[in-house]
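Below is one structure; the comments refer to it alone.
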Amino acid sequence: MKQMKLMLVALMVALLGVNNVRADEGMWLLGRTDPKAMAVARSLGLQLTDAELYGEDGTSLKDCVVDFGDFCSGVIVSKDGLVFTNHHCGFGAIQKLSTPEDDILGNGFVARTHEEERPAKGLYVKIWQRSEDVTEEVNAELQKIYADETKGHKLGRQREAVLYNQFLGTVLSRIASRAEQQAEKDSLKGIVCEAKPFEGGRVYLLNYYRQYSDIRLVFTVPQSLGKFGGDTDNWMWPRQTADFSVFRIYADKNGEPAEYNENNIPLHPKRWAKVSIDGFDQGSYCMTIGYPGSTSRYLSSYGIEERTGVTNIPMIQVRGVKQEIWTKWMRAERAIGIKYASKFASSSNYWKNSQGMNEAVQRLGIIQQKQQREQELRRWFSEDKARRDRFSRMFPTLYKGYKARHDARYAQGFVNETFYRGIELFGFARSAKRFAESHPNYREMLEEYMQGQYKDYDARVDEEVMAALLENYAQQVGSKYLPRFYGDIRKKYNNDYKAFAHDIFQQSKLTSYEGWYGLTHAKVRAAVTLNDSLEQSLADEKAYQQYVSSDPVVRLYDELEQMVQNVITPPMRKVSSSISYNENLLTQCVLEKEMDQPHYSDANFTMRMSYGIVSDYTNAGTHHDFLTTMPSLIEKIEKGTSNPDYAMQAEILNLLKSGDYGRYVDPKTRQLPLCFLTTNDITGGNSGSPMFNGKGELIGLAFDGNWDALSSDISFDASLTRCIGVDIRFVLWLMEKWGHADHLVGEVIGL
């Protein structure tokens, strides 16, 4: 079956003249798909027309796919707005709703009625409505800014483009804002807009979404199932993870987007996905539709060298230190385990991804492949004067730019991982500074945000993290990148980082929300501190800001920022816009050279479709089957008793062993199917993406990629790259047999 599919694809490729296009590579924009690529998709088994895939009337397949919180994807599966996504996508909301007394993260949750469904505060979903080409509008505004900035003087082509790049974000935000204002005038509720570049800046599209902000948790399995395998199995195959959770979209009585209100009703969408429990075979067609976050398939060899040797190294090194401390505390106290569960999952996910990417780039020779392709591009543009004039400076400029910012970028990575993403107290200091300097309306939102941050914070954990990361930072970067307070650590504390951290935590007000609130709302206290000059101080915003900066952690943050602005930022600012421009120019160069071939834009968290087939693979002599079934899960639990990632409650293990799989049994294996592999092209953000068969029926949810090809964000390898999905039959079986949620199963499959 698989061989016949692949032979057919090869024939289609030959007939269509599609060179170097693999059947499973490509994240295609719906409504702008290449006809040649779609012909290959149909040769693999796609039965839907373009109109059935994409349409602006609200009844095509795209309309049941959602942007889940701007970090994942999801799919509407019922006429009452039920949404399936991954467990790890719902993880943050589940964790926020958990307490030691009501540990739904550890125990799972089932809402028996709509009234029992729990509001997931701060969570929203967006449903894409349509897109609009605004390329001419963007270019016209950039040209006007250019004329104003240069006062009529003509700059060179590269300097002109760099200037455009500096103002591009402002122009795109302005266009999106105008579109939202017009939608409001037209009485269209919940419309949010985003304007983004595609094809290396050759095209700009404005996307319209309808955003729903009343989202409620309906069902989740225990963490032992939803995150089975933990860090041990993350990015690995075979998998047995029940990576799904269930939410519901609510709207007002008219079906319009609305903030949470107990009188809101379930959304009745125009389109929802039909679920199939018929299964699939090796070689069956599979399609994902979702919101892939970011790929860099056109990135230069210099950019890849920076990504692996400069950007990824601090993430791997610092997070390893931090996560070891977090793990110790999380295992010691369940309350801390709940507080830090979501933070740890997010941190460790990209930590392991960076390791896998670096390993794959080296093993597969990705940089060497890029260098060979760049040599081909040089030969191509050298043959024509117009092309030579346009592209000849591209590679030398990239080489010089990346080299010029190497050291600063490396140090910036350690700053980010140590202070902005590592020591939580520095984040609280930054928020206090922003509060003191911000508009009152922003302050209200920041207060609410900080309440959530402190809910999931433990000062004891953070104090130990501070001591370890401050010492680690000093060991990893040169002395020129040390903030001024390192002098105090050396002179006053004799490099005793634990003593320094302890004193800071004893003195700072920022170790609790009450202290943060008191500091940031302390105008009267500031006046008293400033020699009781009450009237003067209350009117003196600068004095207020100075008072906030008197906190020892805010002082450390200020000294860090001074170092960053004076030492790290200048060499990066000098070349970063030029690098960005020339990377975009490289993309355009590739597209022009290969204009007769189908090409897709790099992922940028806009809706994309990818097609492929269900498929196993072989790497380094090891064969990987395309499907896992229940015996493999039971075996992993029973053999992995020393690994907490494989721990399972006794009652759940008994259920897994029961053999009562009913209508969800796989007809060939006679077992319950768990997870499966396809050749679909996905990346971060695709988590929770629906996996459809050729009829557009839901057969699974994408949740991971495979370790053997973690370089796929940079370079796609058709023989190795696989998408890992959870089988919809495993999902429904757990809902029915573990959760006894027959009402939800019936809502989904109509029983």
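Chain labels A, B, ... are given in the sequence in which chains occur in the structure tokens; within each chain residues are numbered consecutively from 1, and ligands are likewise numbered from 1 in the order shown.
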
**Request:** Would you mind writing down, as a ChimeraX atom specification, each residue of range 105-162 of chain A that DSSP on the backbone assigns to strand (DSSP E)?
**Result:** /A:109-110,118-119,125-133

**Request:** For Pro644 in chain A, please output as a list in words all residues within 12 Å (counting only C-alpha atoms; exclusion window: fewer than 2 positions along the same chain).
**Result:**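 Near Pro644 in chain A, the qualifying residues are Gln223, Ser224, Lys227, Phe228, Gly229, Gly230, Asp231, Thr232, Asp233, Thr327, Arg331, Lys636, Ile637, Glu638, Lys639, Gly640, Thr641, Ser642, Tyr646, Ala647, Met648 and Gln649 of chain A.
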
Would you save the residues of that selection, restricted to C-alpha atoms, as a PDB file, in the first residue's frame?
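Saved as selection-v8.pdb:
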ATOM      1  CA  GLN A 223      -1.420  14.080  34.329  1.00  0.00           C
ATOM      2  CA  SER A 224      -0.109  10.500  34.509  1.00  0.00           C
ATOM      3  CA  LYS A 227       1.730  13.703  30.128  1.00  0.00           C
ATOM      4  CA  PHE A 228       2.736  10.035  30.190  1.00  0.00           C
ATOM      5  CA  GLY A 229       6.435   9.666  29.486  1.00  0.00           C
ATOM      6  CA  GLY A 230       7.221  13.221  30.584  1.00  0.00           C
ATOM      7  CA  ASP A 231      10.686  14.471  29.662  1.00  0.00           C
ATOM      8  CA  THR A 232      11.886  10.900  29.111  1.00  0.00           C
ATOM      9  CA  ASP A 233       9.651  10.409  26.077  1.00  0.00           C
ATOM     10  CA  THR A 327      12.555  19.079  40.034  1.00  0.00           C
ATOM     11  CA  ARG A 331       9.019  16.106  44.020  1.00  0.00           C
ATOM     12  CA  LYS A 636       6.373   0.609  29.706  1.00  0.00           C
ATOM     13  CA  ILE A 637       4.511   1.184  32.995  1.00  0.00           C
ATOM     14  CA  GLU A 638       5.430  -2.194  34.453  1.00  0.00           C
ATOM     15  CA  LYS A 639       9.086  -2.074  33.410  1.00  0.00           C
ATOM     16  CA  GLY A 640       9.598   1.592  34.260  1.00  0.00           C
ATOM     17  CA  THR A 641       8.713   1.509  37.942  1.00  0.00           C
ATOM     18  CA  SER A 642      11.882   3.434  38.858  1.00  0.00           C
ATOM     19  CA  TYR A 646       6.052   6.198  33.833  1.00  0.00           C
ATOM     20  CA  ALA A 647       4.201   6.179  37.150  1.00  0.00           C
ATOM     21  CA  MET A 648       0.526   5.254  36.909  1.00  0.00           C
ATOM     22  CA  GLN A 649      -2.296   4.960  39.460  1.00  0.00           C
TER      23      GLN A 649
END

**Message:** Report, in Å to a single decimal, how far apart CA of Gly739 in chain A and CA of Gly337 in chain A are.
**Reply:**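 Computing it gives 23.9 Å between the two atoms.
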
**Message:** Could you pull out the alpha helix (DSSP H) residues of range 413-589 of chain A, going by DSSP on the backbone, and write them as a VMD selection string?
**Reply:** chain A and resid 413 to 415 424 to 437 440 to 455 459 to 476 485 to 491 497 to 507 513 to 520 523 to 529 534 to 538 541 to 548 552 to 563 569 to 589

**Request:** Considering only C-alpha atoms, state which residue in the set A:Ala147, A:Asn349, A:Leu299, A:Ser687 is at the smallest distance from Glu374 in chain A.
**Result:**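 Looking at the shortest contact to Glu374 in chain A, the residue is A:Leu299.
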
**Pick from A:Ser719, A:Ser479, A:Ser177, A:Gln597, whichever lies nearest to Pro35 in chain A using only C-alpha atoms** =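 Residue with the minimum atom-to-atom distance to Pro35 in chain A: A:Gln597.
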
**Request:** Please provide as a ChimeraX atom specification all residues within 9 Å of Phe219 in chain A, with the sequence filter that same-chain residues fewer than 4 positions apart are discarded (counting only C-alpha atoms).
**Result:** /A:108-111,117,245-247,735,739,741

**Prompt:** Smallest atom-to-atom distance to Asp602 in chain A: which of A:Trp28, A:Phe280, A:Tyr164, A:Tyr617, using only C-alpha atoms?
**Reply:**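 Of A:Trp28, A:Phe280, A:Tyr164, A:Tyr617, the one nearest Asp602 in chain A, counting only C-alpha atoms, is A:Trp28.
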
**Message:** I'd like the contact shell of range 204-213 of chain A - 10 Å cut-off, only C-alpha atoms, skipping same-chain residues fewer than 5 positions apart - returned as a PyMOL selection string.
**Reply:** chain A and resi 66-67+69+119-139+172+175-176+179-180+183+188-199+249-251+256-260+267+606-607
